[in-house]
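Enquirer: Just one file: structure_31.cif, with mmCIF, C-alpha atoms.
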data_entry
#
loop_
_atom_site.group_PDB
_atom_site.id
_atom_site.type_symbol
_atom_site.label_atom_id
_atom_site.label_comp_id
_atom_site.auth_asym_id
_atom_site.auth_seq_id
_atom_site.Cartn_x
_atom_site.Cartn_y
_atom_site.Cartn_z
ATOM 1 C CA ALA A 1 -20.945 -9.797 12.859
ATOM 2 C CA GLN A 2 -19.025 -10.617 16.052
ATOM 3 C CA PRO A 3 -18.356 -14.311 15.236
ATOM 4 C CA GLU A 4 -17.037 -13.197 11.827
ATOM 5 C CA PHE A 5 -14.730 -10.749 13.564
ATOM 6 C CA ASN A 6 -13.401 -13.515 15.829
ATOM 7 C CA GLN A 7 -12.899 -15.802 12.830
ATOM 8 C CA ALA A 8 -10.948 -13.065 11.068
ATOM 9 C CA ILE A 9 -8.752 -12.526 14.139
ATOM 10 C CA ASN A 10 -8.121 -16.256 14.509
ATOM 11 C CA TYR A 11 -7.294 -16.550 10.828
ATOM 12 C CA VAL A 12 -4.826 -13.672 10.874
ATOM 13 C CA ASN A 13 -3.208 -15.030 14.034
ATOM 14 C CA LYS A 14 -2.884 -18.408 12.333
ATOM 15 C CA ILE A 15 -1.050 -16.765 9.417
ATOM 16 C CA LYS A 16 1.170 -14.770 11.761
ATOM 17 C CA THR A 17 2.082 -17.921 13.698
ATOM 18 C CA ARG A 18 2.601 -20.033 10.574
ATOM 19 C CA PHE A 19 4.999 -17.517 9.062
ATOM 20 C CA GLN A 20 6.889 -16.504 12.215
ATOM 21 C CA GLY A 21 10.134 -17.373 10.464
ATOM 22 C CA ASP A 22 9.120 -15.491 7.326
ATOM 23 C CA PRO A 23 7.413 -12.251 8.395
ATOM 24 C CA GLU A 24 7.457 -10.945 4.805
ATOM 25 C CA VAL A 25 4.653 -13.370 3.903
ATOM 26 C CA TYR A 26 2.449 -12.028 6.692
ATOM 27 C CA LYS A 27 3.309 -8.464 5.723
ATOM 28 C CA SER A 28 2.483 -9.157 2.068
ATOM 29 C CA PHE A 29 -0.844 -10.690 3.041
ATOM 30 C CA MET A 30 -1.752 -7.587 5.049
ATOM 31 C CA GLU A 31 -0.748 -5.358 2.129
ATOM 32 C CA ILE A 32 -2.913 -7.361 -0.306
ATOM 33 C CA LEU A 33 -5.909 -6.975 1.994
ATOM 34 C CA HIS A 34 -5.242 -3.304 2.590
ATOM 35 C CA THR A 35 -5.050 -2.635 -1.160
ATOM 36 C CA PHE A 36 -8.215 -4.665 -1.708
ATOM 37 C CA GLN A 37 -10.048 -2.658 0.939
ATOM 38 C CA LYS A 38 -8.995 0.641 -0.660
ATOM 39 C CA ASP A 39 -10.087 -0.651 -4.080
ATOM 40 C CA GLN A 40 -13.458 -1.672 -2.673
ATOM 41 C CA LYS A 41 -14.045 1.840 -1.350
ATOM 42 C CA THR A 42 -13.143 3.291 -4.739
ATOM 43 C CA VAL A 43 -15.478 0.837 -6.465
ATOM 44 C CA LYS A 44 -18.340 1.746 -4.126
ATOM 45 C CA GLU A 45 -17.774 5.453 -4.669
ATOM 46 C CA ALA A 46 -17.776 4.927 -8.431
ATOM 47 C CA THR A 47 -20.963 2.808 -8.024
ATOM 48 C CA THR A 48 -19.789 0.256 -10.552
ATOM 49 C CA SER A 49 -20.024 -3.478 -10.089
ATOM 50 C CA LEU A 50 -16.353 -4.421 -10.319
ATOM 51 C CA ASN A 51 -16.562 -6.373 -7.089
ATOM 52 C CA SER A 52 -15.947 -9.786 -8.586
ATOM 53 C CA THR A 53 -12.842 -8.572 -10.428
ATOM 54 C CA GLY A 54 -11.367 -7.282 -7.185
ATOM 55 C CA GLU A 55 -12.100 -10.518 -5.365
ATOM 56 C CA THR A 56 -10.637 -12.654 -8.152
ATOM 57 C CA GLU A 57 -7.518 -10.521 -8.165
ATOM 58 C CA VAL A 58 -7.074 -10.639 -4.403
ATOM 59 C CA PHE A 59 -7.617 -14.400 -4.381
ATOM 60 C CA ASP A 60 -4.964 -14.859 -7.093
ATOM 61 C CA LYS A 61 -2.442 -12.839 -5.108
ATOM 62 C CA VAL A 62 -3.174 -14.753 -1.910
ATOM 63 C CA ARG A 63 -3.032 -18.051 -3.828
ATOM 64 C CA VAL A 64 0.510 -17.239 -4.970
ATOM 65 C CA LEU A 65 1.487 -16.127 -1.472
ATOM 66 C CA PHE A 66 0.106 -19.274 0.206
ATOM 67 C CA LYS A 67 1.104 -21.686 -2.576
ATOM 68 C CA ASP A 68 2.383 -24.288 -0.085
ATOM 69 C CA GLN A 69 -0.387 -23.729 2.458
ATOM 70 C CA PRO A 70 -3.637 -25.161 1.023
ATOM 71 C CA ASP A 71 -5.409 -24.956 4.402
ATOM 72 C CA LEU A 72 -4.769 -21.204 4.672
ATOM 73 C CA LEU A 73 -5.966 -20.707 1.130
ATOM 74 C CA LYS A 74 -9.101 -22.735 1.783
ATOM 75 C CA ASP A 75 -9.821 -20.708 4.925
ATOM 76 C CA PHE A 76 -9.267 -17.477 3.013
ATOM 77 C CA SER A 77 -11.686 -18.513 0.269
ATOM 78 C CA GLN A 78 -14.409 -18.841 2.922
ATOM 79 C CA PHE A 79 -13.998 -15.140 3.676
ATOM 80 C CA LEU A 80 -13.902 -14.098 0.032
ATOM 81 C CA PRO A 81 -17.520 -13.124 -0.562
ATOM 82 C CA ASP A 82 -16.873 -10.853 2.418
ATOM 83 C CA ALA A 83 -13.223 -10.174 1.715
ATOM 84 C CA HIS A 84 -13.828 -6.493 2.309
ATOM 85 C CA CYS A 85 -15.197 -7.445 5.730
ATOM 86 C CA ILE A 86 -12.072 -9.359 6.705
ATOM 87 C CA ALA A 87 -10.012 -6.415 5.444
ATOM 88 C CA ALA A 88 -12.043 -4.073 7.642
ATOM 89 C CA HIS A 89 -11.658 -6.405 10.634
ATOM 90 C CA ILE A 90 -7.927 -6.552 10.049
ATOM 91 C CA GLN A 91 -7.693 -2.796 9.903
ATOM 92 C CA GLN A 92 -9.498 -2.635 13.262
ATOM 93 C CA MET A 93 -7.061 -5.195 14.655
ATOM 94 C CA GLN A 94 -4.062 -3.236 13.399
ATOM 95 C CA GLU A 95 -5.367 -0.091 15.038
ATOM 96 C CA HIS A 96 -6.000 -2.047 18.232
ATOM 97 C CA SER A 97 -2.486 -3.546 18.239
ATOM 98 C CA LYS A 98 -0.960 -0.105 17.625
ATOM 99 C CA GLN A 99 -2.807 1.109 20.726
ATOM 100 C CA LEU A 100 -1.469 -1.847 22.706
ATOM 101 C CA LEU A 101 2.087 -1.135 21.564
ATOM 102 C CA ALA A 102 1.827 2.598 22.205
#
Turn this file's structure into structure tokens for me.
Expert:
Amino acid sequence: AQPEFNQAINYVNKIKTRFQGDPEVYKSFMEILHTFQKDQKTVKEATTSLNSTGETEVFDKVRVLFKDQPDLLKDFSQFLPDAHCIAAHIQQMQEHSKQLLA
């Protein structure tokens, strides 16, 4: 799982760098993933198979967000079957960066 984690970090850093002048885009992306991760937990607890709906929804939101960035969208789609994994990695990163800032 470690290479995946590194890929997720690199991807998020790429987004952060790309949207330095527009931090709202980065913030929105993080919010989409955070919401998706919460939804996934709810879905698992309910033991229903709504996974694909959640992934389609999250992809649509990211597609709108990255409408002028086809490379970012393409990279994101590679994570999608494991979108909950990238969300989990990102949460770990956020916690790590909070510790660094503290």
Enquirer: Tell me which of A:Gln7, A:Asp68, A:Gly54, A:Val62 sits closest to Phe29 of chain A, counting all atoms listed in the file.
Expert: A:Val62
Enquirer: Rounded to one decimal, what separation in Å do you get between atom CA of Gln69 of chain A and atom CA of Val25 of chain A?
Expert: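 Atom CA of Val25 of chain A lies 11.6 Å from atom CA of Gln69 of chain A.
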Enquirer: Provide an axis-aligned box for all listed atoms of segment 57-73 of chain A, padding each side by 5 Å; report its centre and its edge lengths in Å to one decimal, as JSON.
Expert:
{"center_x": -2.6, "center_y": -17.8, "center_z": -1.7, "size_x": 20.0, "size_y": 24.6, "size_z": 22.8}
Enquirer: Which residue out of A:Ile32, A:Asp75, A:Lys38, A:Glu24 has the minimum interatomic distance to Asp60 of chain A when all atoms listed in the file are used?
Expert: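 Closest to Asp60 of chain A, using all atoms listed in the file: A:Ile32.
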Enquirer: So how far away is atom CA of Gly21 of chain A from atom CA of Thr56 of chain A, in Å?
Expert: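 Result for atom CA of Thr56 of chain A versus atom CA of Gly21 of chain A: 28.3 Å, one decimal.
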Enquirer: Quick one, how far is atom CA of Glu57 of chain A from atom CA of Glu4 of chain A?
Expert: 22.3 Å
Enquirer: Compile the contact shell of Ser77 of chain A as a list in words: residues with an atom at most 12 Å away, counting all atoms listed in the file, same-chain residues fewer than 6 positions apart removed.
Expert: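 Final neighbour list, sorted by chain and number: Tyr11, Glu55, Thr56, Val58, Phe59, Asp60, Val62, Arg63, Phe66, Pro70, Asp71, Ala83 and Ile86 of chain A.
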Enquirer: Restricting the output to C-alpha atoms, write the selected residues as a compact mmCIF listing (two decimals), in the frame of the given file.
Expert:
# COMPACT_ATOMS: atom_id res chain seq x y z
CA TYR A 11 -7.29 -16.55 10.83
CA GLU A 55 -12.10 -10.52 -5.36
CA THR A 56 -10.64 -12.65 -8.15
CA VAL A 58 -7.07 -10.64 -4.40
CA PHE A 59 -7.62 -14.40 -4.38
CA ASP A 60 -4.96 -14.86 -7.09
CA VAL A 62 -3.17 -14.75 -1.91
CA ARG A 63 -3.03 -18.05 -3.83
CA PHE A 66 0.11 -19.27 0.21
CA PRO A 70 -3.64 -25.16 1.02
CA ASP A 71 -5.41 -24.96 4.40
CA ALA A 83 -13.22 -10.17 1.72
CA ILE A 86 -12.07 -9.36 6.70
